[in-house]
Every structure is written in structure tokens, then in C-alpha cells.
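See below for the structure under consideration.
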Amino acid sequence: MHSKPQKSSKKSWAPGETEDPIHGYVLDGNTSHPVSVKWGEDANIQHTLISDGHVSNDEHGGGHNHYGKKREGPGYFNEDRGKYSGPGH
């Protein structure tokens, strides 16, 4: 008898909850736009948090846009909270 794999209810991020986000750049033509990003793991897989600038974990946690797969059900979302103004938002 085989059982279905259990979905994780753990909502975690890389880097971790208390760690600063990854700092990088999004290119827009010849202009680079600094960003801070965290990627979802476990129940947050395919979920991305992004904000303008190279910010600390506290600043990023206080405001970021959400992109990616909905963890609550099927489909994807683009949730603009006004924290990322770079290309593709």
C-alpha cells in the first residue's frame, strides 16, 4: 500500500527567516536596478519576495512584492505592494 506524499505546511525562505536577503541586480537595458530577494522553500516553493535596493532582513520583511505560485491553491499571482519598481513589475 502506498500513501500520498504529505505536503509540507512549513513556510520557509532562502536565505532563512532571520537572515538578510540575497542582494543582486535586475538589468533594464543599460541600467542595473539593485534588488533584495528571498526564494520560497517547502510550502512556499516557487514563491519569490523582492524589494528595491540592497536592504536588511528587517527592511525586507517590512515590505516586499510577492510573485510566483500561490501556496493556497492553483495559479500564480503578481502582488504589487509598491516595494519593487524595477523592470517586469
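By order in the C-alpha cells, chains are A, B, ...; within a chain, residues start at 1; ligands start at 1, following the order shown.
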
Residues within 12 Å of Asn57 (chain A), please, as a ChimeraX atom specification. Count only C-alpha atoms; anything in the same chain fewer than 6 positions from it doesn't count. /A:13-23,36-38,49-51,63-64

Next, write the just-selected residues to a file, as a PDB file, in the first residue's frame, keeping C-alpha atoms as the atom set.
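Everything below was put into again00.pdb:
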ATOM      1  CA  TRP A  13      12.578  31.024   2.875  1.00  0.00           C
ATOM      2  CA  ALA A  14      16.103  31.016   1.494  1.00  0.00           C
ATOM      3  CA  PRO A  15      18.002  32.693   2.986  1.00  0.00           C
ATOM      4  CA  GLY A  16      16.359  31.866   6.313  1.00  0.00           C
ATOM      5  CA  GLU A  17      13.749  33.882   8.187  1.00  0.00           C
ATOM      6  CA  THR A  18      16.343  35.772  10.250  1.00  0.00           C
ATOM      7  CA  GLU A  19      18.981  36.170   7.525  1.00  0.00           C
ATOM      8  CA  ASP A  20      19.438  39.098   5.156  1.00  0.00           C
ATOM      9  CA  PRO A  21      18.020  38.589   1.664  1.00  0.00           C
ATOM     10  CA  ILE A  22      20.241  37.996  -1.369  1.00  0.00           C
ATOM     11  CA  HIS A  23      21.399  41.252  -2.944  1.00  0.00           C
ATOM     12  CA  SER A  36      16.880  42.183  -2.459  1.00  0.00           C
ATOM     13  CA  VAL A  37      15.315  38.742  -2.920  1.00  0.00           C
ATOM     14  CA  LYS A  38      14.233  35.682  -0.936  1.00  0.00           C
ATOM     15  CA  LEU A  49       9.803  38.038  -2.434  1.00  0.00           C
ATOM     16  CA  ILE A  50      11.540  41.066  -3.980  1.00  0.00           C
ATOM     17  CA  SER A  51      12.155  44.665  -2.952  1.00  0.00           C
ATOM     18  CA  GLY A  63       7.832  45.443   2.721  1.00  0.00           C
ATOM     19  CA  HIS A  64       8.275  43.425  -0.453  1.00  0.00           C
TER      20      HIS A  64
END

Neighbouring residues of region 24-26 of chain A were defined as those with any atom within 12 Å, considering only C-alpha atoms; residues of the same chain fewer than 3 positions away were excluded. Please report them as a ChimeraX atom specification. /A:21,29-38,50-55,84-89
